[in-house]
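One file, model-v3.cif, carrying mmCIF, C-alpha atoms (C1' of nucleotides) and all ligand atoms:
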```cif
data_my_file
#
loop_
_atom_site.label_atom_id
_atom_site.label_comp_id
_atom_site.auth_asym_id
_atom_site.auth_seq_id
_atom_site.Cartn_x
_atom_site.Cartn_y
_atom_site.Cartn_z
CA MET A 1444 12.33 -269.68 203.18
CA ASP A 1445 14.62 -268.11 205.74
CA THR A 1446 12.57 -267.60 208.87
CA SER A 1447 15.43 -266.15 210.88
CA VAL A 1448 14.83 -262.55 209.89
CA ALA A 1449 15.15 -260.27 212.86
CA PHE A 1450 13.64 -256.85 213.04
CA SER A 1451 14.14 -254.45 215.90
CA PRO A 1452 12.73 -255.57 219.27
CA ARG A 1453 9.97 -252.99 218.97
CA ILE A 1454 8.87 -254.33 215.60
CA GLU A 1455 9.15 -257.95 216.69
CA ARG A 1456 6.86 -257.10 219.57
CA LEU A 1457 4.34 -255.49 217.22
CA LEU A 1458 4.52 -258.51 214.95
CA ASP A 1459 3.83 -260.84 217.85
CA GLN A 1460 0.87 -258.68 218.75
CA ALA A 1461 -0.39 -258.75 215.16
CA SER A 1462 -0.03 -262.50 215.20
CA SER A 1463 -2.20 -262.74 218.31
CA VAL A 1464 -4.84 -260.47 216.85
CA CYS A 1465 -5.02 -262.63 213.73
CA ALA A 1466 -5.22 -265.81 215.79
CA GLU A 1467 -8.15 -264.39 217.77
CA ARG A 1468 -9.93 -263.78 214.50
CA GLY A 1469 -9.23 -267.23 213.17
CA SER A 1470 -6.81 -266.02 210.52
CA ARG A 1471 -3.11 -266.77 210.38
CA LEU A 1472 -0.17 -264.40 210.16
CA THR A 1473 2.04 -266.74 208.19
CA ASP A 1474 5.79 -266.31 207.77
CA ILE A 1475 5.47 -264.41 204.52
CA ARG A 1476 2.72 -262.15 205.82
CA ARG A 1477 4.65 -261.51 208.98
CA LEU A 1478 7.76 -260.70 207.00
CA VAL A 1479 5.94 -258.29 204.72
CA LEU A 1480 4.31 -256.54 207.65
CA GLY A 1481 7.73 -256.35 209.28
CA LEU A 1482 9.20 -254.76 206.18
CA VAL A 1483 6.41 -252.19 206.05
CA LEU A 1484 6.85 -251.37 209.73
CA ASP A 1485 10.62 -251.28 209.39
CA ARG A 1486 10.47 -248.82 206.52
CA GLY A 1487 8.25 -246.44 208.47
CA ARG A 1488 7.38 -244.71 205.21
CA PRO A 1489 5.05 -245.57 202.37
CA SER A 1490 6.43 -248.68 200.68
CA GLY A 1491 5.77 -249.60 197.08
CA ALA A 1492 4.81 -253.20 196.37
CA TYR A 1493 7.88 -253.81 194.24
CA GLU A 1494 10.14 -252.19 196.76
CA LEU A 1495 8.78 -254.65 199.31
CA LEU A 1496 9.22 -257.44 196.80
CA ASP A 1497 12.91 -256.61 196.39
CA ARG A 1498 13.47 -256.76 200.13
CA LEU A 1499 11.32 -259.86 200.40
CA ARG A 1500 13.59 -261.60 197.92
CA GLU A 1501 16.55 -261.20 200.21
CA ASN A 1502 14.92 -263.75 202.48
CA ASN A 1503 12.61 -265.51 200.10
CA ARG A 1504 14.26 -266.26 196.79
CA GLY A 1505 11.50 -267.05 194.32
CA ALA A 1506 9.12 -264.42 195.63
CA ALA A 1507 7.14 -262.93 192.76
CA PRO A 1508 4.60 -260.11 192.45
CA PRO A 1509 1.68 -262.30 193.54
CA THR A 1510 3.61 -263.23 196.67
CA VAL A 1511 3.74 -259.68 197.94
CA TYR A 1512 0.31 -258.69 196.67
CA ARG A 1513 -1.31 -261.63 198.41
CA ALA A 1514 0.39 -260.74 201.64
CA LEU A 1515 -0.65 -257.11 201.26
CA ASP A 1516 -4.24 -258.08 200.47
CA PHE A 1517 -4.35 -260.11 203.64
CA LEU A 1518 -2.84 -257.33 205.73
CA LEU A 1519 -5.31 -254.84 204.25
CA GLU A 1520 -8.23 -257.14 205.04
CA GLN A 1521 -7.00 -257.44 208.60
CA GLY A 1522 -6.63 -253.69 208.88
CA LEU A 1523 -2.94 -254.02 209.66
CA VAL A 1524 -1.83 -251.86 206.75
CA HIS A 1525 -3.37 -249.08 204.70
CA ARG A 1526 -2.98 -248.32 201.05
CA ILE A 1527 -2.12 -244.71 200.21
CA GLU A 1528 -3.91 -244.14 196.92
CA ARG A 1529 -2.02 -241.04 195.90
CA LEU A 1530 1.25 -242.92 196.20
CA SER A 1531 0.22 -246.44 195.22
CA ALA A 1532 2.02 -247.46 198.37
CA PHE A 1533 1.41 -249.07 201.71
CA VAL A 1534 1.88 -248.05 205.33
CA ALA A 1535 1.38 -249.92 208.57
CA CYS A 1536 -1.71 -248.92 210.50
CA THR A 1537 -0.73 -246.81 213.47
CA HIS A 1538 -3.82 -247.75 215.41
CA ALA A 1539 -4.43 -251.41 214.72
CA LEU A 1540 -1.72 -252.67 217.04
CA GLU A 1541 -2.09 -250.06 219.75
CA HIS A 1542 -5.73 -250.87 220.40
CA ALA A 1543 -5.12 -254.53 219.78
CA HIS A 1544 -8.20 -256.05 221.29
CA GLY A 1545 -9.62 -258.00 218.44
CA CYS A 1546 -11.67 -254.97 217.45
CA SER A 1547 -12.28 -255.81 213.84
CA ASP A 1548 -13.88 -252.44 213.18
CA PHE A 1549 -12.23 -250.93 210.19
CA HIS A 1550 -11.48 -247.48 211.39
CA ALA A 1551 -11.84 -244.61 208.96
CA ALA A 1552 -8.45 -242.98 208.70
CA GLN A 1553 -7.03 -239.85 207.12
CA PHE A 1554 -3.50 -239.39 205.92
CA LEU A 1555 -1.22 -236.38 205.78
CA ILE A 1556 1.49 -236.85 203.16
CA CYS A 1557 4.48 -234.52 203.29
CA ARG A 1558 5.74 -233.70 199.81
CA HIS A 1559 9.07 -232.67 201.20
CA CYS A 1560 10.20 -235.51 203.44
CA GLY A 1561 7.74 -238.20 202.32
CA GLU A 1562 6.49 -238.85 205.83
CA VAL A 1563 2.89 -239.98 206.22
CA THR A 1564 0.87 -239.28 209.35
CA GLU A 1565 -2.25 -241.25 210.07
CA LEU A 1566 -5.18 -239.47 211.69
CA GLU A 1567 -8.38 -240.90 213.02
CA ASN A 1568 -10.75 -237.97 213.06
CA ARG A 1569 -14.33 -239.06 213.56
CA GLY A 1570 -15.58 -235.62 212.59
CA ILE A 1571 -14.23 -235.81 209.07
CA SER A 1572 -15.49 -239.32 208.42
CA HIS A 1573 -18.85 -238.35 209.80
CA ALA A 1574 -19.07 -235.21 207.69
CA LEU A 1575 -18.34 -237.24 204.59
CA ARG A 1576 -20.86 -239.89 205.55
CA ALA A 1577 -23.48 -237.18 206.12
CA ALA A 1578 -22.72 -235.48 202.81
CA GLY A 1579 -23.15 -238.79 201.03
CA ALA A 1580 -26.40 -239.48 202.86
CA GLU A 1581 -27.79 -236.16 201.64
CA HIS A 1582 -27.56 -237.63 198.15
CA GLY A 1583 -28.94 -240.98 199.19
CA PHE A 1584 -25.48 -242.48 198.91
CA HIS A 1585 -24.40 -245.20 201.29
CA ILE A 1586 -20.66 -245.16 201.95
CA SER A 1587 -18.90 -248.41 202.70
CA ALA A 1588 -15.28 -247.32 202.34
CA SER A 1589 -13.47 -244.06 201.88
CA THR A 1590 -10.13 -242.56 201.01
CA ILE A 1591 -9.11 -239.29 202.64
CA GLU A 1592 -5.60 -238.10 201.90
CA ALA A 1593 -3.98 -234.68 202.07
CA GLU A 1594 -0.71 -233.66 200.49
CA GLY A 1595 1.34 -230.72 201.69
CA THR A 1596 4.11 -229.79 204.08
CA CYS A 1597 4.60 -231.22 207.54
CA ALA A 1598 5.49 -229.18 210.61
CA ALA A 1599 9.14 -230.25 210.60
CA CYS A 1600 9.64 -229.35 206.96
CA ARG A 1601 7.93 -226.00 207.38
CA ALA A 1602 10.39 -225.17 210.16
CA LYS A 1603 13.37 -225.83 207.92
CA PRO A 1604 14.15 -223.23 205.23
CA ALA A 1605 14.28 -224.12 201.54
CA GLY A 1606 16.08 -227.35 202.28
CA MET A 1607 18.09 -229.88 200.37
CA ASP A 1608 17.22 -232.45 202.97
CA GLY A 1609 14.77 -235.25 202.66
CA PRO A 1610 14.67 -237.82 199.91
CA ALA A 1611 15.28 -236.42 196.46
CA GLU A 1612 12.43 -238.39 194.98
CA SER A 1613 9.93 -236.53 197.10
CA ARG A 1614 10.97 -233.12 195.87
CA GLN A 1615 9.14 -231.34 193.11
CA MET B 866 -5.19 -234.81 162.72
CA ASP B 867 -8.88 -234.84 161.99
CA THR B 868 -10.31 -231.71 163.58
CA SER B 869 -13.84 -232.35 162.41
CA VAL B 870 -14.92 -234.37 165.41
CA ALA B 871 -18.36 -233.38 166.54
CA PHE B 872 -19.67 -234.01 170.01
CA SER B 873 -23.19 -233.25 171.11
CA PRO B 874 -24.19 -229.57 171.04
CA ARG B 875 -24.09 -229.46 174.82
CA ILE B 876 -20.56 -230.78 174.94
CA GLU B 877 -19.40 -228.52 172.11
CA ARG B 878 -20.74 -225.60 174.07
CA LEU B 879 -18.85 -226.72 177.19
CA LEU B 880 -15.71 -227.15 175.12
CA ASP B 881 -16.03 -223.63 173.75
CA GLN B 882 -16.45 -222.38 177.27
CA ALA B 883 -13.38 -224.31 178.40
CA SER B 884 -11.48 -222.81 175.52
CA SER B 885 -12.42 -219.30 176.62
CA VAL B 886 -11.45 -220.01 180.22
CA CYS B 887 -8.04 -221.22 179.10
CA ALA B 888 -7.55 -218.21 176.86
CA GLU B 889 -8.31 -215.87 179.74
CA ARG B 890 -5.60 -217.62 181.72
CA GLY B 891 -3.07 -217.42 178.92
CA SER B 892 -3.11 -221.16 178.28
CA ARG B 893 -4.34 -222.86 175.15
CA LEU B 894 -6.91 -225.60 174.73
CA THR B 895 -5.30 -227.16 171.67
CA ASP B 896 -7.06 -229.61 169.37
CA ILE B 897 -5.79 -232.67 171.19
CA ARG B 898 -6.62 -231.27 174.62
CA ARG B 899 -10.05 -230.25 173.44
CA LEU B 900 -10.64 -233.67 171.96
CA VAL B 901 -9.58 -235.46 175.14
CA LEU B 902 -11.78 -233.23 177.26
CA GLY B 903 -14.61 -233.90 174.84
CA LEU B 904 -14.11 -237.63 175.19
CA VAL B 905 -14.11 -237.42 178.97
CA LEU B 906 -17.28 -235.32 178.93
CA ASP B 907 -18.89 -237.59 176.37
CA ARG B 908 -18.25 -240.68 178.45
CA GLY B 909 -19.83 -239.16 181.54
CA ARG B 910 -18.18 -241.84 183.65
CA PRO B 911 -14.65 -242.31 184.90
CA SER B 912 -12.43 -242.89 181.86
CA GLY B 913 -9.15 -244.76 181.97
CA ALA B 914 -6.23 -243.19 180.16
CA TYR B 915 -5.90 -246.08 177.74
CA GLU B 916 -9.61 -246.15 177.09
CA LEU B 917 -9.31 -242.48 176.09
CA LEU B 918 -6.26 -243.32 174.03
CA ASP B 919 -8.20 -245.90 172.05
CA ARG B 920 -10.92 -243.41 171.24
CA LEU B 921 -8.35 -240.71 170.56
CA ARG B 922 -6.77 -242.93 167.93
CA GLU B 923 -9.98 -242.98 165.93
CA ASN B 924 -9.30 -239.34 165.13
CA ASN B 925 -5.61 -239.10 165.71
CA ARG B 926 -3.72 -242.02 164.26
CA GLY B 927 -0.29 -242.04 165.87
CA ALA B 928 -1.51 -241.01 169.28
CA ALA B 929 0.54 -242.74 171.95
CA PRO B 930 0.37 -242.90 175.75
CA PRO B 931 2.26 -239.61 176.21
CA THR B 932 -0.26 -237.93 173.94
CA VAL B 933 -3.15 -238.63 176.23
CA TYR B 934 -1.22 -238.24 179.46
CA ARG B 935 0.02 -234.81 178.43
CA ALA B 936 -3.48 -233.72 177.57
CA LEU B 937 -4.76 -235.07 180.89
CA ASP B 938 -1.96 -233.35 182.81
CA PHE B 939 -2.93 -230.07 181.20
CA LEU B 940 -6.61 -230.55 181.92
CA LEU B 941 -5.82 -231.46 185.53
CA GLU B 942 -3.69 -228.33 185.92
CA GLN B 943 -6.53 -226.24 184.55
CA GLY B 944 -8.98 -227.89 186.89
CA LEU B 945 -11.08 -229.10 183.99
CA VAL B 946 -10.84 -232.74 184.96
CA HIS B 947 -10.25 -234.65 188.17
CA ARG B 948 -8.38 -237.84 188.73
CA ILE B 949 -10.19 -240.49 190.75
CA GLU B 950 -7.39 -242.17 192.64
CA ARG B 951 -9.31 -245.28 193.61
CA LEU B 952 -10.06 -245.98 189.97
CA SER B 953 -6.94 -244.60 188.24
CA ALA B 954 -9.40 -242.80 186.03
CA PHE B 955 -10.50 -239.33 185.04
CA VAL B 956 -13.77 -237.41 185.15
CA ALA B 957 -14.69 -233.96 183.91
CA CYS B 958 -15.08 -231.36 186.62
CA THR B 959 -18.74 -230.65 187.19
CA HIS B 960 -18.08 -227.18 188.53
CA ALA B 961 -15.26 -225.74 186.44
CA LEU B 962 -17.43 -224.92 183.44
CA GLU B 963 -20.55 -223.91 185.30
CA HIS B 964 -18.83 -221.16 187.26
CA ALA B 965 -16.66 -220.29 184.30
CA HIS B 966 -15.42 -216.88 185.31
CA GLY B 967 -11.69 -217.32 185.20
CA CYS B 968 -11.76 -218.29 188.87
CA SER B 969 -8.54 -220.24 189.02
CA ASP B 970 -9.25 -221.39 192.57
CA PHE B 971 -8.81 -225.10 192.65
CA HIS B 972 -11.90 -226.17 194.41
CA ALA B 973 -11.65 -229.01 196.90
CA ALA B 974 -13.97 -231.72 195.70
CA GLN B 975 -15.26 -235.00 197.07
CA PHE B 976 -16.36 -237.95 195.02
CA LEU B 977 -19.01 -240.59 195.57
CA ILE B 978 -18.24 -243.72 193.57
CA CYS B 979 -21.02 -246.25 193.14
CA ARG B 980 -19.70 -249.79 193.11
CA HIS B 981 -22.79 -251.02 191.42
CA CYS B 982 -23.32 -248.75 188.41
CA GLY B 983 -19.92 -247.05 188.30
CA GLU B 984 -21.36 -243.57 188.43
CA VAL B 985 -19.29 -240.88 190.11
CA THR B 986 -20.87 -237.85 191.76
CA GLU B 987 -18.77 -234.80 192.47
CA LEU B 988 -19.48 -232.86 195.64
CA GLU B 989 -18.11 -229.55 196.77
CA ASN B 990 -18.63 -229.54 200.49
CA ARG B 991 -16.72 -226.76 202.17
CA GLY B 992 -17.33 -228.31 205.58
CA ILE B 993 -15.42 -231.48 204.79
CA SER B 994 -12.47 -229.70 203.21
CA HIS B 995 -12.37 -227.32 206.13
CA ALA B 996 -12.50 -230.09 208.69
CA LEU B 997 -9.59 -231.81 207.00
CA ARG B 998 -7.63 -228.57 206.76
CA ALA B 999 -8.23 -227.94 210.44
CA ALA B 1000 -7.21 -231.47 211.41
CA GLY B 1001 -3.98 -231.03 209.47
CA ALA B 1002 -3.34 -227.65 211.07
CA GLU B 1003 -3.59 -229.22 214.53
CA HIS B 1004 -0.50 -231.18 213.58
CA GLY B 1005 1.23 -228.19 212.02
CA PHE B 1006 0.58 -229.64 208.59
CA HIS B 1007 -0.15 -227.32 205.70
CA ILE B 1008 -2.42 -228.93 203.09
CA SER B 1009 -2.05 -227.93 199.48
CA ALA B 1010 -4.08 -230.65 197.79
CA SER B 1011 -6.36 -233.43 198.93
CA THR B 1012 -8.12 -236.54 197.78
CA ILE B 1013 -11.50 -237.37 199.26
CA GLU B 1014 -13.30 -240.31 197.73
CA ALA B 1015 -16.06 -242.54 199.03
CA GLU B 1016 -17.10 -245.88 197.62
CA GLY B 1017 -20.51 -247.39 198.15
CA THR B 1018 -23.99 -247.57 196.69
CA CYS B 1019 -25.82 -244.69 195.05
CA ALA B 1020 -29.46 -243.85 195.62
CA ALA B 1021 -30.63 -245.32 192.32
CA CYS B 1022 -28.86 -248.62 192.90
CA ARG B 1023 -30.16 -248.87 196.44
CA ALA B 1024 -33.69 -248.54 195.09
CA LYS B 1025 -33.23 -251.48 192.77
CA PRO B 1026 -33.16 -254.94 194.37
CA ALA B 1027 -30.19 -257.29 193.97
CA GLY B 1028 -29.77 -256.35 190.35
CA MET B 1029 -28.01 -257.75 187.35
CA ASP B 1030 -28.03 -254.31 185.80
CA GLY B 1031 -25.15 -251.95 185.50
CA PRO B 1032 -21.80 -252.74 183.96
CA ALA B 1033 -20.50 -256.18 184.81
CA GLU B 1034 -17.03 -254.85 185.49
CA SER B 1035 -18.33 -252.80 188.39
CA ARG B 1036 -19.81 -255.75 190.20
CA GLN B 1037 -17.98 -257.53 192.94
"C1'" DA C 915 8.97 -211.50 156.24
"C1'" DC C 916 12.40 -213.49 159.32
"C1'" DC C 917 14.44 -215.09 163.56
"C1'" DC C 918 14.24 -217.22 167.97
"C1'" DG C 919 12.73 -218.93 172.31
"C1'" DT C 920 8.92 -221.47 174.09
"C1'" DT C 921 5.49 -224.66 173.93
"C1'" DC C 922 3.36 -228.50 171.95
"C1'" DT C 923 3.51 -232.92 169.62
"C1'" DG C 924 5.58 -237.39 167.57
"C1'" DT C 925 8.06 -241.48 168.58
"C1'" DT C 926 10.39 -245.14 170.81
"C1'" DA C 927 11.33 -247.48 174.67
"C1'" DT C 928 10.83 -248.69 179.30
"C1'" DA C 929 9.45 -248.55 184.13
"C1'" DG C 930 5.99 -249.52 187.61
"C1'" DA C 931 1.63 -251.53 189.41
"C1'" DG C 932 -1.47 -255.26 189.53
"C1'" DT C 933 -3.82 -259.77 188.19
"C1'" DA C 934 -5.19 -264.36 185.82
"C1'" DA C 935 -4.56 -268.99 185.74
"C1'" DC C 936 -2.91 -273.14 187.10
"C1'" DA C 937 0.29 -276.18 189.67
"C1'" DT C 938 1.91 -277.46 194.13
"C1'" DC C 939 2.14 -277.92 198.99
"C1'" DA C 940 0.87 -278.19 203.91
"C1'" DA C 941 -2.41 -278.74 207.64
"C1'" DG C 942 -6.49 -280.81 209.58
"C1'" DG C 943 -10.40 -283.58 209.71
"C1'" DT C 944 -12.94 -288.10 208.44
"C1'" DA D 142 -5.24 -293.23 203.23
"C1'" DC D 143 -8.42 -289.66 201.45
"C1'" DC D 144 -10.36 -285.35 200.89
"C1'" DT D 145 -10.98 -280.43 201.76
"C1'" DT D 146 -9.28 -275.92 202.54
"C1'" DG D 147 -6.13 -272.45 202.57
"C1'" DA D 148 -1.49 -270.81 201.34
"C1'" DT D 149 2.32 -270.56 198.20
"C1'" DG D 150 5.06 -271.25 193.69
"C1'" DT D 151 5.31 -270.11 188.88
"C1'" DT D 152 4.50 -268.20 184.40
"C1'" DA D 153 2.75 -264.93 181.74
"C1'" DC D 154 0.23 -261.23 181.12
"C1'" DT D 155 -2.50 -256.52 181.31
"C1'" DC D 156 -2.91 -251.89 182.63
"C1'" DT D 157 -0.91 -247.48 184.14
"C1'" DA D 158 2.58 -244.07 183.62
"C1'" DT D 159 6.95 -241.75 182.38
"C1'" DA D 160 11.81 -240.84 180.32
"C1'" DA D 161 14.19 -239.09 176.64
"C1'" DC D 162 14.87 -236.99 172.46
"C1'" DA D 163 13.44 -235.29 167.85
"C1'" DG D 164 10.57 -232.42 165.21
"C1'" DA D 165 6.75 -229.16 164.39
"C1'" DA D 166 4.07 -225.19 165.47
"C1'" DC D 167 3.18 -220.97 167.77
"C1'" DG D 168 4.02 -216.11 169.22
"C1'" DG D 169 6.63 -211.98 170.00
"C1'" DG D 170 10.18 -208.84 168.56
"C1'" DT D 171 12.78 -206.76 164.74
ZN ZN A 1701 -5.12 -247.26 210.67
ZN ZN A 1702 8.01 -233.20 205.90
ZN ZN A 1703 -14.51 -230.20 190.15
ZN ZN A 1704 -25.24 -246.83 191.37
#
```

Let me see the file written as structure tokens.
Amino acid sequence: MDTSVAFSPRIERLLDQASSVCAERGSRLTDIRRLVLGLVLDRGRPSGAYELLDRLRENNRGAAPPTVYRALDFLLEQGLVHRIERLSAFVACTHALEHAHGCSDFHAAQFLICRHCGEVTELENRGISHALRAAGAEHGFHISASTIEAEGTCAACRAKPAGMDGPAESRQ
Amino acid sequence: MDTSVAFSPRIERLLDQASSVCAERGSRLTDIRRLVLGLVLDRGRPSGAYELLDRLRENNRGAAPPTVYRALDFLLEQGLVHRIERLSAFVACTHALEHAHGCSDFHAAQFLICRHCGEVTELENRGISHALRAAGAEHGFHISASTIEAEGTCAACRAKPAGMDGPAESRQ
DNA sequence: ACCCGTTCTGTTATAGAGTAACATCAAGGT
DNA sequence: ACCTTGATGTTACTCTATAACAGAACGGGT
């Protein structure tokens, strides 16, 4: 496969960081995994698995669905990407590489999905996760993973009037 | 289609109630929609669309994917069922038919999904929804719909030891 | 009763998301 | 060299969901 893919300097730096984090944990950010993470970061928006596959094929002829799903599974396990359930899509974790000190805690995140422009914002609000954990505990339920996603309109899109901007596929 | 499907008296009563609620709103709980809602209620667990389709076909030969998806879309709009994103499945709303007074407020619900037995519990915790709404507002984000789901172990399954009970497909 | 717009349903075909199963390959240790 | 482990290649599915268009049924006005 063609290893000479170059992302922006910022992304290459994040990828190097991700690589270090994996190494510290005894896992390996292989070429394919690195490339997929790069594609997710480069997109900056939720990416569908098959959309990633198409772009993956530009550098890795012969890539098939399992190729990208395996890479995504790994990245999810490492906390480097999140899956947005409402969109069946994937985004890079905003926090994993900023606090990159081998902290393998899986942080509980919340996502704000703008219907208008498609942008996804990742929050890390301990209060919300805690409230949910407490509500579960009241019913004797032990939570091991959670999905918290909100759909609506972001600040930027609320500022604009009834716009024809933003991707057409995100309009409704 | 065969209209003479009989569910349990309890479910038939809920279906009649749902029918009234729809009528008050100017929408119609047609035979197919009523049947699908009945199947979801009857199952009492998250039901996949194609699982519903199979059971729908017992009474409605010629039912196809759009048949069940249209019915589900309607029931979702009416707040009579919820979609569990993490399972790509549907459950009947616990609250819609209990407080059946034409209140078309879409309540914000949370779901506890037991990995072990597959049971889903619906919560309606105003605190959690409010906390999420507030967190969004801090970023200028206006929330119009949200998904809050937690996966873990329910009280009953925690009581049992390492069990071989519960549906095999829910084990991991 | 009849007409007509709207809503609902039938039907076919296809797109999109995800996985099973098995072969192959590469790296590292003995 | 041999074996083990983890990663990738490859084929073939399954499951989830929707597009597009045709026909039937309903409901309101005349
Ligand atoms: Zn994150
Ligand atoms: Zn926006
Ligand atoms: Zn509900
Ligand atoms: Zn359980």

Practice task
Please determine the contact residues of chain C with respect to chain A at a cut-off of 9 Å, counting only C-alpha atoms (C1' of nucleotides), and supply them as a list of chain:residue names.
Solution key: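 Result: C:DG930, C:DA931, C:DG932, C:DT933.
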
The selected residues should be written to file as a short mmCIF file (atom, residue, chain, number, x, y, z; two decimals), keeping the file's coordinate frame (atoms: C-alpha atoms (C1' of nucleotides)).
```cif
data_model
loop_
_atom_site.label_atom_id
_atom_site.label_comp_id
_atom_site.auth_asym_id
_atom_site.auth_seq_id
_atom_site.Cartn_x
_atom_site.Cartn_y
_atom_site.Cartn_z
"C1'" DG C 930 5.99 -249.52 187.61
"C1'" DA C 931 1.63 -251.53 189.41
"C1'" DG C 932 -1.47 -255.26 189.53
"C1'" DT C 933 -3.82 -259.77 188.19
#
```

Can I get the residues of chain B within 8 Å of ligand ZN 1704 (chain A), each with the closest pair of atoms and their distance in Å to one decimal, using only C-alpha atoms and all ligand atoms, sorted chain first then ascending number, as a tab-separated table?
```
residue	atom	partner	partner_atom	distance
B:Ile978	CA	A:ZN1704	ZN	8.0
B:Cys979	CA	A:ZN1704	ZN	4.6
B:Arg980	CA	A:ZN1704	ZN	6.5
B:His981	CA	A:ZN1704	ZN	4.9
B:Cys982	CA	A:ZN1704	ZN	4.0
B:Gly983	CA	A:ZN1704	ZN	6.1
B:Glu984	CA	A:ZN1704	ZN	5.9
B:Thr1018	CA	A:ZN1704	ZN	5.5
B:Cys1019	CA	A:ZN1704	ZN	4.3
B:Ala1020	CA	A:ZN1704	ZN	6.7
B:Ala1021	CA	A:ZN1704	ZN	5.7
B:Cys1022	CA	A:ZN1704	ZN	4.3
B:Arg1023	CA	A:ZN1704	ZN	7.4
B:Gly1031	CA	A:ZN1704	ZN	7.8
```

Problem - Neighbourhood of ligand ZN 1701 (chain A) at 9 Å, counting only C-alpha atoms (C1' of nucleotides) and all ligand atoms, reported as an MDAnalysis selection string - result: chainID A and resid 1522:1525 1534:1539 1549:1553 1565:1567

Practice task
Would you be able to write out as a PyMOL selection string which residues have an atom within 12 Å of (14.4, -217.8, 166.7) in the file's coordinates, counting all atoms listed in the file?
Solution key: (chain C and resi 916-920) or (chain D and resi 167-171)

Handout entry: Point-to-point distance in Å for CA of Gly1583 in chain A and CA of Phe976 in chain B
Key =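 Taking CA of Phe976 in chain B as the start and CA of Gly1583 in chain A as the end point, the length is 13.6 Å.
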
Exercise for the section: Using all atoms listed in the file, determine which residues of chain D fall within 12 Å of chain B; present them as a VMD selection string. Expected result: chain D and resid 155 to 161 166 to 167

Handout entry: Among the residues A:Asp1497, A:Asp1516, A:Glu1594, A:Glu1581, the one that comes closest to ligand ZN 1702 (chain A) [using only C-alpha atoms and all ligand atoms]
Key = A:Glu1594

At most 8 Å is the cut-off: for each residue in chain A with any atom that close to an atom of chain B, write down the nearest atom pair and the distance in Å rounded to one decimal, counting all atoms listed in the file, chain first then increasing number, as a Markdown table.
```
| residue | atom | partner | partner_atom | distance |
| --- | --- | --- | --- | --- |
| A:Glu1528 | CA | B:Glu950 | CA | 5.9 |
| A:Arg1529 | CA | B:Glu950 | CA | 6.4 |
| A:Leu1555 | CA | B:Gly1001 | CA | 7.1 |
| A:Asn1568 | CA | B:Ala1000 | CA | 7.6 |
| A:Gly1570 | CA | B:Ala996 | CA | 7.4 |
| A:Ile1571 | CA | B:Ala996 | CA | 6.0 |
| A:Ala1574 | CA | B:Ile993 | CA | 6.0 |
| A:Leu1575 | CA | B:Ile993 | CA | 6.5 |
| A:Ala1578 | CA | B:Asn990 | CA | 7.6 |
| A:Gly1579 | CA | B:Leu977 | CA | 7.1 |
| A:His1582 | CA | B:Ala1020 | CA | 7.0 |
| A:Gly1583 | CA | B:Ala1020 | CA | 4.6 |
| A:Phe1584 | CA | B:Cys1019 | CA | 4.5 |
| A:His1585 | CA | B:Thr1018 | CA | 5.2 |
| A:Ile1586 | CA | B:Gly1017 | CA | 4.4 |
| A:Ser1587 | CA | B:Gly1017 | CA | 4.9 |
| A:Ala1588 | CA | B:Glu1016 | CA | 5.3 |
| A:Ser1589 | CA | B:Ala1015 | CA | 4.1 |
| A:Thr1590 | CA | B:Glu1014 | CA | 5.1 |
| A:Ile1591 | CA | B:Ile1013 | CA | 4.6 |
| A:Glu1592 | CA | B:Thr1012 | CA | 5.1 |
| A:Ala1593 | CA | B:Ser1011 | CA | 4.1 |
| A:Glu1594 | CA | B:Ala1010 | CA | 5.3 |
| A:Gly1595 | CA | B:Ile1008 | CA | 4.4 |
| A:Thr1596 | CA | B:His1007 | CA | 5.2 |
| A:Cys1597 | CA | B:Phe1006 | CA | 4.4 |
| A:Ala1598 | CA | B:Gly1005 | CA | 4.6 |
```

Edge lengths and centre in Å to one decimal, as lines of an AutoDock Vina configuration file, of the axis-aligned box that encloses all listed atoms of range 875-893 of chain B with 4 Å added on every side?
```
center_x = -13.6
center_y = -223.3
center_z = 176.9
size_x = 29.0
size_y = 22.9
size_z = 17.6
```

Problem - Contacts of DT925 in chain C within 12 Å, all atoms listed in the file, excl. fewer than 3 positions in-chain, as a PyMOL selection string - result: (chain B and resi 927-932) or (chain D and resi 161-164)

Handout entry: Separation of CA of Phe872 in chain B from CA of Leu937 in chain B in Å
Key = 18.5 Å

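For the pair CA of Leu1540 in chain A and CA of Arg1471 in chain A, the separation is 15.7 Å.
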